[in-house]
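So this block is protein.cif, mmCIF, C-alpha atoms, pLDDT in the B column; chains and numbers go by the auth columns:
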data_model
#
loop_
_atom_site.group_PDB
_atom_site.id
_atom_site.type_symbol
_atom_site.label_atom_id
_atom_site.label_comp_id
_atom_site.label_asym_id
_atom_site.label_seq_id
_atom_site.Cartn_x
_atom_site.Cartn_y
_atom_site.Cartn_z
_atom_site.B_iso_or_equiv
_atom_site.auth_seq_id
_atom_site.auth_asym_id
ATOM 1 C CA MET A 1 -65.747 5.568 22.934 94.00 1 A
ATOM 2 C CA LYS A 2 -63.152 5.507 25.687 96.00 2 A
ATOM 3 C CA SER A 3 -59.925 3.514 25.527 96.00 3 A
ATOM 4 C CA GLU A 4 -61.093 1.119 28.238 97.00 4 A
ATOM 5 C CA ASP A 5 -64.332 0.510 26.307 97.00 5 A
ATOM 6 C CA PHE A 6 -62.325 -0.221 23.183 97.00 6 A
ATOM 7 C CA ARG A 7 -60.185 -2.780 25.002 97.00 7 A
ATOM 8 C CA ARG A 8 -63.308 -4.317 26.578 98.00 8 A
ATOM 9 C CA TRP A 9 -64.855 -4.640 23.089 98.00 9 A
ATOM 10 C CA ARG A 10 -61.786 -6.405 21.719 97.00 10 A
ATOM 11 C CA LYS A 11 -61.465 -8.808 24.624 98.00 11 A
ATOM 12 C CA ALA A 12 -65.200 -9.564 24.714 97.00 12 A
ATOM 13 C CA LEU A 13 -64.965 -10.694 21.093 97.00 13 A
ATOM 14 C CA GLY A 14 -61.865 -12.761 21.839 97.00 14 A
ATOM 15 C CA LEU A 15 -59.724 -10.763 19.407 97.00 15 A
ATOM 16 C CA ASN A 16 -56.033 -10.115 19.801 98.00 16 A
ATOM 17 C CA GLN A 17 -54.758 -6.712 18.699 98.00 17 A
ATOM 18 C CA LYS A 18 -53.700 -7.997 15.282 98.00 18 A
ATOM 19 C CA ASP A 19 -57.130 -9.495 14.565 98.00 19 A
ATOM 20 C CA ALA A 20 -58.925 -6.393 15.838 98.00 20 A
ATOM 21 C CA ALA A 21 -56.796 -4.288 13.504 98.00 21 A
ATOM 22 C CA LYS A 22 -57.667 -6.531 10.574 97.00 22 A
ATOM 23 C CA ALA A 23 -61.397 -6.465 11.403 96.00 23 A
ATOM 24 C CA LEU A 24 -61.372 -2.664 11.533 97.00 24 A
ATOM 25 C CA GLY A 25 -59.024 -2.097 8.597 96.00 25 A
ATOM 26 C CA LEU A 26 -56.413 -0.472 10.817 98.00 26 A
ATOM 27 C CA LYS A 27 -52.792 -1.094 11.734 98.00 27 A
ATOM 28 C CA LYS A 28 -51.994 -2.943 14.941 98.00 28 A
ATOM 29 C CA ARG A 29 -50.154 0.118 16.233 97.00 29 A
ATOM 30 C CA VAL A 30 -53.344 2.195 15.976 97.00 30 A
ATOM 31 C CA ILE A 31 -55.147 -0.416 18.075 98.00 31 A
ATOM 32 C CA GLN A 32 -52.405 -0.047 20.667 97.00 32 A
ATOM 33 C CA TYR A 33 -52.817 3.738 20.673 97.00 33 A
ATOM 34 C CA TYR A 34 -56.585 3.433 21.084 97.00 34 A
ATOM 35 C CA GLU A 35 -56.212 1.045 23.999 97.00 35 A
ATOM 36 C CA LYS A 36 -53.560 3.145 25.700 96.00 36 A
ATOM 37 C CA GLY A 37 -55.474 6.364 25.025 95.00 37 A
ATOM 38 C CA LYS A 38 -52.248 8.153 24.190 94.00 38 A
ATOM 39 C CA ARG A 39 -49.678 8.528 21.454 94.00 39 A
ATOM 40 C CA ASP A 40 -46.381 10.245 22.168 93.00 40 A
ATOM 41 C CA GLY A 41 -47.839 11.684 25.364 91.00 41 A
ATOM 42 C CA ARG A 42 -50.887 13.159 23.643 95.00 42 A
ATOM 43 C CA ALA A 43 -54.455 11.971 24.070 95.00 43 A
ATOM 44 C CA VAL A 44 -55.822 9.824 21.254 95.00 44 A
ATOM 45 C CA GLU A 45 -59.507 10.094 20.426 96.00 45 A
ATOM 46 C CA ILE A 46 -61.242 7.063 18.939 97.00 46 A
ATOM 47 C CA PRO A 47 -63.188 8.313 15.889 97.00 47 A
ATOM 48 C CA LEU A 48 -66.943 7.850 15.720 97.00 48 A
ATOM 49 C CA SER A 49 -66.495 5.725 12.589 97.00 49 A
ATOM 50 C CA VAL A 50 -64.330 3.253 14.540 98.00 50 A
ATOM 51 C CA ALA A 51 -66.771 3.179 17.466 98.00 51 A
ATOM 52 C CA LEU A 52 -69.640 2.468 15.063 97.00 52 A
ATOM 53 C CA ALA A 53 -67.605 -0.238 13.327 97.00 53 A
ATOM 54 C CA CYS A 54 -66.957 -1.847 16.725 98.00 54 A
ATOM 55 C CA TYR A 55 -70.691 -1.800 17.417 97.00 55 A
ATOM 56 C CA ALA A 56 -71.477 -3.339 14.031 97.00 56 A
ATOM 57 C CA ILE A 57 -68.890 -6.102 14.403 97.00 57 A
ATOM 58 C CA ALA A 58 -70.096 -6.875 17.935 97.00 58 A
ATOM 59 C CA ASN A 59 -73.591 -7.310 16.488 96.00 59 A
ATOM 60 C CA GLY A 60 -72.534 -9.588 13.644 94.00 60 A
ATOM 61 C CA VAL A 61 -72.434 -7.015 10.857 91.00 61 A
ATOM 62 C CA HIS A 62 -69.231 -7.516 8.902 88.00 62 A
ATOM 63 C CA SER A 63 -70.194 -5.862 5.619 89.00 63 A
ATOM 64 C CA TYR A 64 -72.889 -3.537 4.336 88.00 64 A
ATOM 65 C CA ASP A 65 -73.916 -2.704 0.787 87.00 65 A
ATOM 66 C CA ALA A 66 -77.021 -0.511 1.301 85.00 66 A
ATOM 67 C CA SER A 67 -78.885 -2.385 -1.471 84.00 67 A
ATOM 68 C CA GLU A 68 -82.057 -2.514 0.613 82.00 68 A
ATOM 69 C CA LEU A 69 -82.266 1.259 0.683 86.00 69 A
ATOM 70 C CA THR A 70 -84.331 3.064 -1.911 82.00 70 A
ATOM 71 C CA THR A 71 -83.784 6.512 -3.271 78.00 71 A
ATOM 72 C CA GLU A 72 -86.709 8.820 -3.755 72.00 72 A
ATOM 73 C CA ALA A 73 -86.756 11.524 -6.352 60.00 73 A
#

With the file now loaded, output its structure as structure tokens.
Amino acid sequence: MKSEDFRRWRKALGLNQKDAAKALGLKKRVIQYYEKGKRDGRAVEIPLSVALACYAIANGVHSYDASELTTEA
């Protein structure tokens, strides 16, 4: 996920940076780094787990307990 995609995701959902941070379980400053694409002059990569969380939230998934999965011996 690129920084511009991350910002587009947040704005499309009508979230400010504080609310996006809360939804993702991150600090507001991390959201700012992701949107800028840099921290202290170095590139910041948005982790796959955050990108997948953005996808889930955009599609109405706000929690997941895996209870519908079965384990096979």

Near range 38-42 of chain A, within 10 Å and counting only C-alpha atoms, which residues show up once chain neighbours fewer than 6 positions away are dropped, as a ChimeraX atom specification? /A:3,29-30,32

For range 53-71 of chain A, I'd like the enclosing box, axis-aligned and padded by 6 Å on every side, reported as JSON with centre and edge lengths in Å to one decimal.
{"center_x": -75.6, "center_y": -1.5, "center_z": 7.3, "size_x": 29.4, "size_y": 28.1, "size_z": 33.2}

Apply the PyMOL selection byres ((chain A and resi 1) around 7) to the file shown and report the selected residues as a PyMOL selection string. chain A and resi 2-3+5-6+46+51

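With all atoms listed in the file as the atoms that count, the residue of A:Glu35, A:Val61, A:Asp19, A:Gly25 with the shortest distance to Glu4 in chain A is A:Glu35.
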
From the set A:Gly37, A:Leu26, A:Arg7, A:Asn16, which residue has the shortest atom-to-atom contact distance to Ser49 in chain A, counting all atoms listed in the file? A:Leu26

Restricting the calculation to all atoms listed in the file, which member of A:Val50, A:Gly14, A:Ala58, A:Lys22 is positioned closest to Tyr34 in chain A? A:Val50

CA of Leu13 in chain A to CA of Asp65 in chain A measures 23.6 Å

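Here CA of Arg8 in chain A stands at a distance of 16.9 Å from CA of Val44 in chain A.
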
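CA of Ala21 in chain A is positioned 16.6 Å from CA of Gly60 in chain A.
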
Missing atoms in range 43-54 of chain A should be modelled up to all heavy atoms and reported as a CSV table (one decimal), keeping the file's coordinate frame.
chain,number,residue,atom,x,y,z
A,43,ALA,N,-53.2,12.8,24.0
A,43,ALA,CA,-54.5,12.0,24.1
A,43,ALA,C,-54.9,11.6,22.7
A,43,ALA,O,-54.7,12.3,21.7
A,43,ALA,CB,-55.6,12.8,24.7
A,44,VAL,N,-55.3,10.3,22.5
A,44,VAL,CA,-55.8,9.8,21.3
A,44,VAL,C,-57.3,9.6,21.4
A,44,VAL,O,-57.8,9.0,22.3
A,44,VAL,CB,-55.2,8.5,20.9
A,44,VAL,CG1,-55.8,7.8,19.7
A,44,VAL,CG2,-53.7,8.7,20.7
A,45,GLU,N,-58.0,10.2,20.4
A,45,GLU,CA,-59.5,10.1,20.4
A,45,GLU,C,-59.9,9.0,19.4
A,45,GLU,O,-59.4,9.0,18.3
A,45,GLU,CB,-60.1,11.4,20.0
A,45,GLU,CG,-61.6,11.4,20.1
A,45,GLU,CD,-62.2,12.8,19.8
A,45,GLU,OE1,-61.6,13.8,20.3
A,45,GLU,OE2,-63.3,12.8,19.2
A,46,ILE,N,-60.8,8.1,19.8
A,46,ILE,CA,-61.2,7.1,18.9
A,46,ILE,C,-62.4,7.7,18.1
A,46,ILE,O,-63.4,8.2,18.6
A,46,ILE,CB,-61.7,5.9,19.7
A,46,ILE,CG1,-60.6,5.3,20.5
A,46,ILE,CG2,-62.4,4.8,18.8
A,46,ILE,CD1,-61.0,4.2,21.5
A,47,PRO,N,-62.2,7.7,16.8
A,47,PRO,CA,-63.2,8.3,15.9
A,47,PRO,C,-64.6,7.6,16.0
A,47,PRO,O,-64.6,6.4,16.2
A,47,PRO,CB,-62.6,8.1,14.5
A,47,PRO,CG,-61.2,7.9,14.7
A,47,PRO,CD,-61.0,7.2,16.0
A,48,LEU,N,-65.6,8.4,15.7
A,48,LEU,CA,-66.9,7.8,15.7
A,48,LEU,C,-67.1,6.7,14.7
A,48,LEU,O,-67.7,5.7,15.0
A,48,LEU,CB,-67.9,9.0,15.4
A,48,LEU,CG,-69.4,8.5,15.3
A,48,LEU,CD1,-69.9,7.9,16.6
A,48,LEU,CD2,-70.3,9.7,14.8
A,49,SER,N,-66.4,6.8,13.6
A,49,SER,CA,-66.5,5.7,12.6
A,49,SER,C,-65.9,4.4,13.1
A,49,SER,O,-66.5,3.3,12.9
A,49,SER,CB,-65.7,6.1,11.3
A,49,SER,OG,-64.4,6.4,11.6
A,50,VAL,N,-64.9,4.5,13.9
A,50,VAL,CA,-64.3,3.3,14.5
A,50,VAL,C,-65.3,2.7,15.6
A,50,VAL,O,-65.5,1.5,15.7
A,50,VAL,CB,-62.9,3.5,15.1
A,50,VAL,CG1,-62.4,2.3,15.9
A,50,VAL,CG2,-62.0,3.9,14.0
A,51,ALA,N,-65.8,3.6,16.4
A,51,ALA,CA,-66.8,3.2,17.5
A,51,ALA,C,-68.0,2.5,16.8
A,51,ALA,O,-68.4,1.5,17.3
A,51,ALA,CB,-67.2,4.4,18.3
A,52,LEU,N,-68.5,3.1,15.7
A,52,LEU,CA,-69.6,2.5,15.1
A,52,LEU,C,-69.3,1.1,14.4
A,52,LEU,O,-70.1,0.2,14.4
A,52,LEU,CB,-70.2,3.4,14.0
A,52,LEU,CG,-70.9,4.7,14.6
A,52,LEU,CD1,-71.2,5.6,13.5
A,52,LEU,CD2,-72.1,4.3,15.4
A,53,ALA,N,-68.1,1.0,13.9
A,53,ALA,CA,-67.6,-0.2,13.3
A,53,ALA,C,-67.5,-1.3,14.4
A,53,ALA,O,-67.9,-2.5,14.2
A,53,ALA,CB,-66.3,0.0,12.6
A,54,CYS,N,-67.0,-0.9,15.6
A,54,CYS,CA,-67.0,-1.8,16.7
A,54,CYS,C,-68.4,-2.3,17.1
A,54,CYS,O,-68.6,-3.5,17.3
A,54,CYS,CB,-66.3,-1.2,17.9
A,54,CYS,SG,-64.6,-0.8,17.8
